[in-house]
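One file, input.csv, is given below (CSV, C-alpha atoms and all ligand atoms).
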chain,number,residue,atom,x,y,z
D,6,MET,CA,38.7,76.5,-67.5
D,7,THR,CA,35.6,78.5,-66.7
D,8,VAL,CA,33.8,79.6,-69.7
D,9,ALA,CA,32.3,83.1,-69.6
D,10,PRO,CA,28.9,82.7,-71.3
D,11,ARG,CA,28.1,85.0,-74.2
D,12,THR,CA,25.4,87.6,-73.3
D,13,ALA,CA,22.6,89.3,-75.1
D,14,SER,CA,19.9,87.6,-77.2
D,15,ALA,CA,20.4,88.7,-80.8
D,16,HIS,CA,17.9,86.2,-82.1
D,17,ILE,CA,14.9,86.4,-79.8
D,18,ASP,CA,12.8,89.2,-78.4
D,19,ALA,CA,12.1,87.7,-75.0
D,20,PRO,CA,10.2,89.7,-72.4
D,21,GLU,CA,12.4,91.0,-69.6
D,22,GLY,CA,13.1,88.4,-67.0
D,23,LEU,CA,11.6,85.4,-68.9
D,24,ILE,CA,14.9,83.7,-69.7
D,25,PRO,CA,17.1,83.1,-66.7
D,26,ASP,CA,20.5,84.7,-67.2
D,27,ALA,CA,22.4,81.4,-67.2
D,28,LEU,CA,20.2,80.2,-70.0
D,29,SER,CA,20.2,83.2,-72.2
D,30,PRO,CA,23.3,82.3,-74.3
D,31,VAL,CA,22.0,78.8,-74.8
D,32,ILE,CA,18.5,79.9,-76.0
D,33,ASP,CA,20.1,82.5,-78.3
D,34,ALA,CA,22.3,79.8,-79.9
D,35,LEU,CA,19.4,77.5,-80.3
D,36,CYS,CA,17.4,80.3,-82.0
D,37,LYS,CA,20.3,81.2,-84.3
D,38,VAL,CA,20.7,77.6,-85.5
D,39,GLY,CA,16.9,77.3,-85.8
D,40,ILE,CA,16.8,80.4,-88.0
D,41,ASP,CA,19.6,79.0,-90.2
D,42,LEU,CA,17.8,75.6,-90.5
D,43,SER,CA,14.5,77.2,-91.2
D,44,ARG,CA,16.1,79.0,-94.2
D,45,THR,CA,17.7,75.8,-95.5
D,46,ILE,CA,14.5,73.8,-95.0
D,47,ALA,CA,12.4,76.4,-96.8
D,48,ARG,CA,14.5,76.1,-99.9
D,49,GLY,CA,13.5,72.4,-100.1
D,50,PRO,CA,15.1,70.6,-103.0
D,51,LEU,CA,16.9,73.9,-103.9
D,52,GLY,CA,18.9,73.5,-100.7
D,53,GLY,CA,20.4,70.1,-101.8
D,54,ALA,CA,19.4,66.5,-101.0
D,55,LEU,CA,18.4,67.2,-97.4
D,56,GLY,CA,16.5,63.9,-97.0
D,57,ALA,CA,19.2,61.7,-98.5
D,58,GLU,CA,20.2,58.7,-96.3
D,59,VAL,CA,23.7,59.1,-95.0
D,60,GLY,CA,23.9,56.4,-92.3
D,61,GLU,CA,22.3,55.0,-89.2
D,62,ASN,CA,22.2,56.4,-85.7
D,63,THR,CA,22.7,54.5,-82.4
D,64,ASP,CA,19.0,53.4,-82.4
D,65,GLY,CA,19.2,51.9,-85.9
D,66,ASP,CA,17.2,54.8,-87.4
D,67,HIS,CA,18.2,55.9,-90.9
D,68,GLN,CA,20.1,59.2,-90.6
D,69,LYS,CA,19.3,61.8,-93.2
D,70,ALA,CA,21.6,64.5,-94.4
D,71,LEU,CA,19.6,67.2,-92.6
D,72,ASP,CA,19.8,65.1,-89.3
D,73,VAL,CA,23.6,65.3,-89.4
D,74,MET,CA,23.7,68.9,-90.6
D,75,ALA,CA,21.4,70.0,-87.8
D,76,ASN,CA,23.4,68.0,-85.1
D,77,ASP,CA,26.7,69.5,-86.2
D,78,ALA,CA,25.3,73.0,-86.3
D,79,PHE,CA,23.8,72.8,-82.8
D,80,ALA,CA,26.9,71.2,-81.3
D,81,ALA,CA,29.1,74.0,-82.8
D,82,ALA,CA,26.8,76.9,-81.8
D,83,LEU,CA,26.4,75.7,-78.2
D,84,LYS,CA,30.2,75.9,-77.5
D,85,GLY,CA,30.9,78.8,-75.2
D,86,THR,CA,27.3,79.1,-74.0
D,87,GLY,CA,27.7,77.3,-70.6
D,88,VAL,CA,26.7,73.8,-71.8
D,89,ARG,CA,29.0,71.3,-70.2
D,90,TRP,CA,27.4,68.2,-71.6
D,91,TYR,CA,25.7,67.8,-75.0
D,92,ALA,CA,23.6,64.7,-75.6
D,93,SER,CA,22.1,64.3,-79.1
D,94,GLU,CA,19.8,61.6,-80.4
D,95,GLU,CA,22.1,61.5,-83.4
D,96,GLN,CA,25.2,60.5,-81.3
D,97,ASP,CA,26.0,57.4,-79.3
D,98,SER,CA,27.4,59.2,-76.2
D,99,VAL,CA,27.5,62.5,-74.4
D,100,VAL,CA,29.9,65.1,-75.8
D,101,ALA,CA,31.8,67.5,-73.5
D,102,LEU,CA,31.5,71.1,-74.6
D,103,ASP,CA,32.3,73.8,-72.0
D,104,GLU,CA,34.4,72.3,-69.2
D,105,GLY,CA,33.2,74.9,-66.7
D,106,GLY,CA,29.6,75.0,-67.9
D,107,SER,CA,26.7,74.4,-65.4
D,108,LEU,CA,24.2,73.0,-67.9
D,109,ALA,CA,23.4,69.7,-69.6
D,110,LEU,CA,21.5,69.9,-72.9
D,111,ALA,CA,19.7,67.1,-74.7
D,112,ILE,CA,18.5,67.5,-78.2
D,113,ASP,CA,16.7,65.8,-81.0
D,114,PRO,CA,18.3,68.1,-83.7
D,115,LEU,CA,15.8,67.1,-86.4
D,116,ASP,CA,12.6,65.5,-85.4
D,117,GLY,CA,10.3,63.9,-88.0
D,118,SER,CA,13.0,63.2,-90.6
D,119,SER,CA,10.7,61.0,-92.6
D,120,ASN,CA,8.9,64.2,-93.5
D,121,ILE,CA,12.0,66.2,-94.7
D,122,ASP,CA,11.4,65.4,-98.4
D,123,VAL,CA,7.6,65.8,-98.4
D,124,ASN,CA,7.3,69.5,-97.3
D,125,VAL,CA,5.6,68.6,-94.0
D,126,SER,CA,6.4,70.2,-90.6
D,127,ILE,CA,9.6,68.9,-88.8
D,128,GLY,CA,11.3,70.3,-85.8
D,129,THR,CA,14.1,70.4,-83.1
D,130,ILE,CA,13.4,69.4,-79.5
D,131,PHE,CA,15.6,70.4,-76.6
D,132,SER,CA,15.8,69.8,-72.9
D,133,ILE,CA,18.0,71.6,-70.4
D,134,LEU,CA,19.2,70.2,-67.0
D,135,PRO,CA,21.7,71.1,-64.4
D,136,ALA,CA,25.1,69.5,-65.2
D,137,GLU,CA,26.5,66.9,-62.9
D,138,ASP,CA,30.2,66.2,-62.6
D,139,GLU,CA,29.8,63.2,-64.8
D,140,ALA,CA,28.3,63.1,-68.3
D,141,GLU,CA,25.6,60.4,-68.3
D,142,PRO,CA,24.2,60.9,-64.8
D,143,SER,CA,23.4,64.5,-65.9
D,144,PHE,CA,20.7,62.9,-68.2
D,145,LEU,CA,19.8,59.7,-66.4
D,146,ARG,CA,17.4,61.4,-64.0
D,147,PRO,CA,13.6,62.2,-63.9
D,148,GLY,CA,12.3,64.7,-66.4
D,149,ARG,CA,11.0,66.8,-63.5
D,150,ASP,CA,14.6,67.9,-63.0
D,151,GLN,CA,14.5,69.8,-66.3
D,152,ILE,CA,15.0,73.6,-65.9
D,153,ALA,CA,13.8,74.3,-69.4
D,154,ALA,CA,12.4,72.5,-72.4
D,155,GLY,CA,11.1,73.4,-75.8
D,156,TYR,CA,10.9,72.8,-79.5
D,157,ILE,CA,11.3,74.7,-82.8
D,158,VAL,CA,8.7,73.7,-85.4
D,159,TYR,CA,9.7,74.3,-89.1
D,160,GLY,CA,6.3,74.5,-90.9
D,161,PRO,CA,4.4,77.1,-92.9
D,162,HIS,CA,5.9,79.4,-90.2
D,163,THR,CA,8.8,78.6,-87.9
D,164,GLY,CA,7.7,78.7,-84.2
D,165,LEU,CA,9.5,78.3,-80.9
D,166,ILE,CA,7.6,76.9,-77.9
D,167,VAL,CA,9.5,77.0,-74.7
D,168,THR,CA,9.0,76.6,-70.9
D,169,PHE,CA,11.3,77.7,-68.1
D,170,GLY,CA,9.1,76.0,-65.5
D,171,ALA,CA,6.5,78.7,-65.2
D,172,GLY,CA,4.1,78.3,-68.1
D,173,VAL,CA,4.6,78.0,-71.8
D,174,ARG,CA,5.5,80.8,-74.2
D,175,GLU,CA,5.2,80.8,-78.0
D,176,PHE,CA,7.4,82.8,-80.4
D,177,VAL,CA,7.3,83.0,-84.2
D,178,LEU,CA,10.2,83.7,-86.5
D,179,ASP,CA,9.9,87.1,-88.1
D,180,ARG,CA,11.9,86.4,-91.3
D,181,ASP,CA,12.3,90.1,-92.0
D,182,LYS,CA,13.9,90.8,-88.6
D,183,GLU,CA,15.6,87.3,-88.4
D,184,ARG,CA,14.4,87.1,-84.8
D,185,PHE,CA,11.8,85.1,-82.9
D,186,VAL,CA,9.1,87.4,-81.6
D,187,PRO,CA,6.5,86.6,-78.9
D,188,VAL,CA,3.0,85.8,-79.9
D,189,GLU,CA,1.5,84.0,-76.9
D,190,ASP,CA,2.5,84.3,-73.3
D,191,ALA,CA,0.3,81.6,-71.8
D,192,VAL,CA,-0.1,78.6,-74.1
D,193,SER,CA,-2.7,76.2,-72.6
D,194,VAL,CA,-4.1,72.8,-73.6
D,195,PRO,CA,-7.9,72.7,-73.4
D,196,ARG,CA,-9.0,70.1,-70.8
D,197,GLU,CA,-11.5,68.5,-73.2
D,198,ALA,CA,-11.1,67.8,-76.9
D,199,LYS,CA,-12.1,65.2,-79.5
D,200,GLU,CA,-9.0,64.6,-81.6
D,201,PHE,CA,-6.7,61.5,-81.2
D,202,SER,CA,-3.4,60.7,-82.8
D,203,ILE,CA,-1.9,57.3,-83.1
D,204,ASN,CA,-0.2,55.3,-85.9
D,205,ALA,CA,-3.1,53.0,-86.5
D,206,SER,CA,-1.1,50.7,-88.8
D,207,ASN,CA,0.3,49.2,-85.6
D,208,MET,CA,-3.2,48.3,-84.3
D,209,ARG,CA,-2.7,44.5,-84.5
D,210,HIS,CA,0.4,44.9,-82.1
D,211,TRP,CA,-1.3,47.1,-79.5
D,212,ARG,CA,-2.0,45.9,-75.9
D,213,LYS,CA,-5.5,45.8,-74.6
D,214,PRO,CA,-5.7,49.2,-72.8
D,215,VAL,CA,-4.7,51.1,-75.9
D,216,LEU,CA,-7.0,49.0,-78.1
D,217,ASP,CA,-9.9,49.7,-75.7
D,218,TYR,CA,-9.2,53.4,-75.7
D,219,VAL,CA,-9.0,53.8,-79.4
D,220,GLN,CA,-12.2,51.7,-79.8
D,221,GLU,CA,-13.9,54.1,-77.4
D,222,CYS,CA,-12.7,57.0,-79.7
D,223,LEU,CA,-13.9,55.2,-82.8
D,224,ALA,CA,-17.3,54.4,-81.3
D,225,GLY,CA,-18.3,58.0,-81.5
D,226,GLU,CA,-21.4,59.5,-79.8
D,227,THR,CA,-23.0,56.1,-79.4
D,228,GLY,CA,-20.0,54.8,-77.4
D,229,ALA,CA,-18.7,55.4,-73.8
D,230,LEU,CA,-17.2,58.8,-74.7
D,231,GLY,CA,-20.4,60.1,-76.2
D,232,VAL,CA,-18.6,62.2,-78.8
D,233,ASN,CA,-17.6,61.8,-82.4
D,234,CYS,CA,-13.8,62.0,-82.5
D,235,ASN,CA,-11.5,63.0,-85.3
D,236,MET,CA,-8.1,61.5,-86.0
D,237,ARG,CA,-4.8,63.0,-87.2
D,238,TRP,CA,-1.3,61.4,-87.7
D,239,VAL,CA,1.5,63.6,-89.1
D,240,GLY,CA,4.5,61.5,-88.3
D,241,SER,CA,6.4,64.4,-86.7
D,242,LEU,CA,6.1,64.6,-83.0
D,243,VAL,CA,6.6,68.4,-83.0
D,244,ALA,CA,3.7,68.8,-85.4
D,245,GLU,CA,1.4,66.7,-83.3
D,246,ALA,CA,2.5,68.5,-80.1
D,247,HIS,CA,2.0,71.9,-81.8
D,248,ARG,CA,-1.6,71.0,-82.8
D,249,ILE,CA,-2.4,69.7,-79.3
D,250,LEU,CA,-1.0,72.8,-77.7
D,251,ALA,CA,-3.1,74.9,-80.1
D,252,ARG,CA,-6.5,73.1,-79.9
D,253,GLY,CA,-6.2,70.0,-77.6
D,254,GLY,CA,-6.4,66.3,-78.3
D,255,ILE,CA,-4.4,63.2,-77.4
D,256,PHE,CA,-1.2,61.7,-78.8
D,257,LEU,CA,-0.2,58.1,-78.2
D,258,TYR,CA,3.0,56.3,-79.0
D,259,PRO,CA,2.5,53.3,-76.7
D,260,GLY,CA,4.6,50.2,-76.3
D,261,ASP,CA,3.5,47.3,-78.5
D,262,ALA,CA,4.2,43.7,-79.4
D,263,ARG,CA,6.7,44.5,-82.2
D,264,PRO,CA,10.3,43.4,-81.3
D,265,GLY,CA,12.1,46.6,-80.2
D,266,TYR,CA,8.9,48.5,-79.6
D,267,GLU,CA,8.1,47.1,-76.1
D,268,THR,CA,8.4,50.5,-74.6
D,269,GLY,CA,7.3,52.4,-77.7
D,270,ARG,CA,9.5,54.3,-80.2
D,271,LEU,CA,10.2,57.7,-78.6
D,272,ARG,CA,13.3,58.5,-76.5
D,273,MET,CA,12.9,59.7,-72.9
D,274,VAL,CA,15.8,62.0,-72.8
D,275,TYR,CA,15.4,63.7,-76.2
D,276,GLU,CA,11.7,63.6,-76.9
D,277,CYS,CA,9.4,62.4,-74.0
D,278,ALA,CA,10.9,64.4,-71.1
D,279,PRO,CA,10.8,67.8,-72.9
D,280,MET,CA,7.4,67.2,-74.4
D,281,ALA,CA,6.0,66.1,-71.1
D,282,MET,CA,7.3,69.2,-69.4
D,283,LEU,CA,5.8,71.5,-72.0
D,284,ILE,CA,2.4,69.7,-71.9
D,285,GLU,CA,2.2,69.8,-68.1
D,286,GLN,CA,3.3,73.4,-68.0
D,287,ALA,CA,0.4,74.1,-70.5
D,288,GLY,CA,-2.1,72.4,-68.2
D,289,GLY,CA,-2.2,69.0,-70.0
D,290,GLU,CA,-1.0,65.6,-68.9
D,291,ALA,CA,1.7,63.2,-70.0
D,292,THR,CA,1.8,59.5,-69.0
D,293,THR,CA,3.3,56.2,-70.0
D,294,GLY,CA,-0.2,54.8,-69.4
D,295,THR,CA,0.6,53.9,-65.8
D,296,GLU,CA,3.2,56.5,-64.7
D,297,ARG,CA,3.7,60.2,-65.0
D,298,VAL,CA,6.4,60.6,-67.8
D,299,LEU,CA,8.3,63.3,-65.7
D,300,ASP,CA,8.8,60.7,-63.0
D,301,VAL,CA,10.4,58.1,-65.2
D,302,VAL,CA,14.2,57.6,-64.7
D,303,PRO,CA,15.8,56.4,-68.0
D,304,ASP,CA,18.2,53.5,-67.5
D,305,ARG,CA,20.3,54.5,-70.5
D,306,LEU,CA,20.8,57.6,-72.7
D,307,HIS,CA,18.7,56.3,-75.6
D,308,ALA,CA,16.0,54.6,-73.6
D,309,ARG,CA,12.5,54.5,-75.1
D,310,VAL,CA,9.4,55.2,-73.1
D,311,PRO,CA,5.7,54.9,-74.0
D,312,LEU,CA,4.4,58.5,-74.5
D,313,ILE,CA,0.8,59.6,-74.2
D,314,PHE,CA,0.0,63.2,-73.8
D,315,GLY,CA,-2.6,65.9,-74.3
D,316,SER,CA,-5.9,67.2,-73.0
D,317,ALA,CA,-6.2,66.2,-69.3
D,318,ALA,CA,-9.7,64.6,-69.7
D,319,MET,CA,-8.6,62.5,-72.6
D,320,VAL,CA,-5.4,61.3,-70.9
D,321,GLU,CA,-7.4,60.5,-67.7
D,322,ARG,CA,-9.7,58.3,-69.8
D,323,LEU,CA,-6.7,56.4,-71.3
D,324,ARG,CA,-5.3,56.0,-67.8
D,325,ALA,CA,-8.6,54.5,-66.7
D,326,CYS,CA,-8.3,51.9,-69.5
D,327,HIS,CA,-4.9,50.9,-68.1
D,328,ALA,CA,-6.2,50.8,-64.5
D,329,ARG,CA,-9.1,48.6,-65.6
D,330,ASP,CA,-6.8,46.2,-67.4
D,331,GLY,CA,-3.7,46.4,-65.2
D,332,ALA,CA,-1.4,45.9,-68.2
D,333,PRO,CA,1.7,47.9,-69.1
D,334,ALA,CA,1.4,50.7,-71.8
V,1,LIG,O1,11.5,59.4,-84.2
V,1,LIG,C1,10.5,60.2,-84.0
V,1,LIG,C2,9.3,60.2,-85.0
V,1,LIG,O2,9.7,60.6,-86.3
V,1,LIG,C3,8.3,61.2,-84.4
V,1,LIG,O3,8.6,62.5,-84.8
V,1,LIG,C4,7.0,60.7,-84.8
V,1,LIG,O4,6.0,61.0,-83.9
V,1,LIG,C5,7.3,59.2,-84.9
V,1,LIG,O5,8.7,59.0,-85.0
V,1,LIG,C6,6.6,58.6,-86.1
V,1,LIG,O6,6.6,57.2,-86.0
V,1,LIG,P1,6.0,56.2,-87.1
V,1,LIG,O7,7.1,56.1,-88.1
V,1,LIG,O8,5.7,55.0,-86.4
V,1,LIG,O9,4.8,56.8,-87.7
Could you write out this file's structure as structure tokens?
Amino acid sequence: MTVAPRTASAHIDAPEGLIPDALSPVIDALCKVGIDLSRTIARGPLGGALGAEVGENTDGDHQKALDVMANDAFAAALKGTGVRWYASEEQDSVVALDEGGSLALAIDPLDGSSNIDVNVSIGTIFSILPAEDEAEPSFLRPGRDQIAAGYIVYGPHTGLIVTFGAGVREFVLDRDKERFVPVEDAVSVPREAKEFSINASNMRHWRKPVLDYVQECLAGETGALGVNCNMRWVGSLVAEAHRILARGGIFLYPGDARPGYETGRLRMVYECAPMAMLIEQAGGEATTGTERVLDVVPDRLHARVPLIFGSAAMVERLRACHARDGAPA
């Protein structure tokens, strides 16, 4: 059965020609669910126990009520939009949606779930690829094959950041109109910056290149970098990415010595690939420490990959620490 995609974007004011026709129904569905989630999240405890634990996902992460609610809402809204394969961080395997669809969509429906109950920014991350005839091979490919990537950040305002492979656009949800409206048509990451982001509670588990790099940052103007750096760690990837897209900096979730964290914590298909595409499209860099993230081919759907991204000059310095040491990320 060939599915005729829905047309018209009722939930986003996109400039003419920005969204390829084949993607228009998908982006509209993502925006619609994003608007619904934004409303629910903004109600906080009035919206129910959104942060209540309801189970575990395939990676052993605790699933919160909002994780499940968001996943169900996106899967339902994407039916009939031309998405043949739907891969969610919250589900073990790929789900078939539109048999005749030409697209494969990977999603982290609710990123940063440890922040649901504490009124800190959380988000939705998505990646769109051409669909292959089989489910998993549609996703087990390099991130450079993506045809679009983006995220919705639910914070003091709700924003949509998206790329279709020709730069990065920013939209903000206008709550009165119930639509995303454009605010920036060329998001760019400054080449130089002074802010780094890493979960320093894992310092004793880091490998030498990461330890060396962070020590350079901590050394301030008397060290090799010659500048005093600042540090931030929100615990929501979307919030860190949003800050870096706004004012630069570097984010690191490297592999470390903890069992299960050898290749870091973040998933290639749902988190690393879309973030890497956005950052590169905005003029920044994304690496595992030794390899461009967009060149990594995941060996399974939920594969984790070290993710380091941000201002090009900062990422280059981190790569130099790896080259000097020769160790993996
Ligand atoms: O699973 C993703 C995530 O919640 C990211 O949004 C965030 O960057 C990271 O995990 C936080 O990790 P940690 O719990 O080690 O601070």
Pick from D:Ile203, D:Met74, D:Val167, D:Val301 nearest to Leu23 (chain D), counting all atoms listed in the file: D:Val167
Could you please extract the residues within 9 Å of ligand LIG 1 (chain V), counting only C-alpha atoms and all ligand atoms, and hand them back as number ranges by chain? D: 66, 113, 115-120, 127-128, 203-207, 238-245, 256-258, 270-272, 276
Could you pull the residues within 10 Å of Ala101 (chain D), counting all atoms listed in the file, minus those fewer than 2 positions along the same chain, as a PyMOL selection string? chain D and resi 80+84+88-92+98-99+103-104+106+109+139-140
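You can rank D:Ala171, D:Asp122, D:Gly65, D:Ile112 by their closest distance to Gly265 (chain D) using all atoms listed in the file, and at the top of that list sits D:Gly65.
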Got a sec to check which residues sit within 12 Å of (14.2, 73.9, -98.5), counting only C-alpha atoms, and write them as a PDB file with C-alpha atoms, in the coordinates of the input?
ATOM      1  CA  ASP D  41      19.600  79.000 -90.200  1.00  0.00           C
ATOM      2  CA  LEU D  42      17.800  75.600 -90.500  1.00  0.00           C
ATOM      3  CA  SER D  43      14.500  77.200 -91.200  1.00  0.00           C
ATOM      4  CA  ARG D  44      16.100  79.000 -94.200  1.00  0.00           C
ATOM      5  CA  THR D  45      17.700  75.800 -95.500  1.00  0.00           C
ATOM      6  CA  ILE D  46      14.500  73.800 -95.000  1.00  0.00           C
ATOM      7  CA  ALA D  47      12.400  76.400 -96.800  1.00  0.00           C
ATOM      8  CA  ARG D  48      14.500  76.100 -99.900  1.00  0.00           C
ATOM      9  CA  GLY D  49      13.500  72.400-100.100  1.00  0.00           C
ATOM     10  CA  PRO D  50      15.100  70.600-103.000  1.00  0.00           C
ATOM     11  CA  LEU D  51      16.900  73.900-103.900  1.00  0.00           C
ATOM     12  CA  GLY D  52      18.900  73.500-100.700  1.00  0.00           C
ATOM     13  CA  GLY D  53      20.400  70.100-101.800  1.00  0.00           C
ATOM     14  CA  ALA D  54      19.400  66.500-101.000  1.00  0.00           C
ATOM     15  CA  LEU D  55      18.400  67.200 -97.400  1.00  0.00           C
ATOM     16  CA  GLY D  56      16.500  63.900 -97.000  1.00  0.00           C
ATOM     17  CA  LEU D  71      19.600  67.200 -92.600  1.00  0.00           C
ATOM     18  CA  ILE D 121      12.000  66.200 -94.700  1.00  0.00           C
ATOM     19  CA  ASP D 122      11.400  65.400 -98.400  1.00  0.00           C
ATOM     20  CA  VAL D 123       7.600  65.800 -98.400  1.00  0.00           C
ATOM     21  CA  ASN D 124       7.300  69.500 -97.300  1.00  0.00           C
ATOM     22  CA  VAL D 125       5.600  68.600 -94.000  1.00  0.00           C
ATOM     23  CA  SER D 126       6.400  70.200 -90.600  1.00  0.00           C
ATOM     24  CA  ILE D 127       9.600  68.900 -88.800  1.00  0.00           C
ATOM     25  CA  TYR D 159       9.700  74.300 -89.100  1.00  0.00           C
ATOM     26  CA  GLY D 160       6.300  74.500 -90.900  1.00  0.00           C
ATOM     27  CA  PRO D 161       4.400  77.100 -92.900  1.00  0.00           C
TER      28      PRO D 161
END
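Among the candidate residues D:Glu267, D:Asp330, D:Asp138, D:Glu290, the one lying nearest to Val310 (chain D) is D:Glu267, with distances computed using all atoms listed in the file.
For the pair CA of Pro187 (chain D) and CA of Arg174 (chain D), the separation is 7.5 Å.
Across D:Leu283, D:Ala82, D:Val38, D:Ala328, the tightest approach to Glu183 (chain D) is made by D:Val38 when counting all atoms listed in the file.
For the choices D:Ile166, D:Val173, D:Cys326, D:Val188, the atom-to-atom distance to Gln220 (chain D) is smallest for D:Cys326 when using all atoms listed in the file.
When all atoms listed in the file are used to compute distances to Cys222 (chain D), the closest of the residues D:Gly170, D:Met319, D:Ser193, D:Tyr275 turns out to be D:Met319.
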Hey, can you pull every residue with an atom no more than 12 Å from (21.1, 79.7, -81.0), using only C-alpha atoms, and send it as number ranges by chain? D: 11-17, 28-42, 75, 78-86, 129, 131, 157, 165, 183-185
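You will find CA of Ile249 (chain D) at 11.0 Å from CA of Glu197 (chain D).
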For region 323-325 of chain D, list every protein, DNA or RNA residue within 12 Å, evaluated using only C-alpha atoms, and leave out those in the same chain fewer than 6 positions away; present the list as an MDAnalysis selection string. chainID D and resid 201 213:222 230 255:257 259 290:297 312:317 331:334
Separation of CA of Phe169 (chain D) from CA of Ala153 (chain D), in Å and rounded to one decimal: 4.4 Å
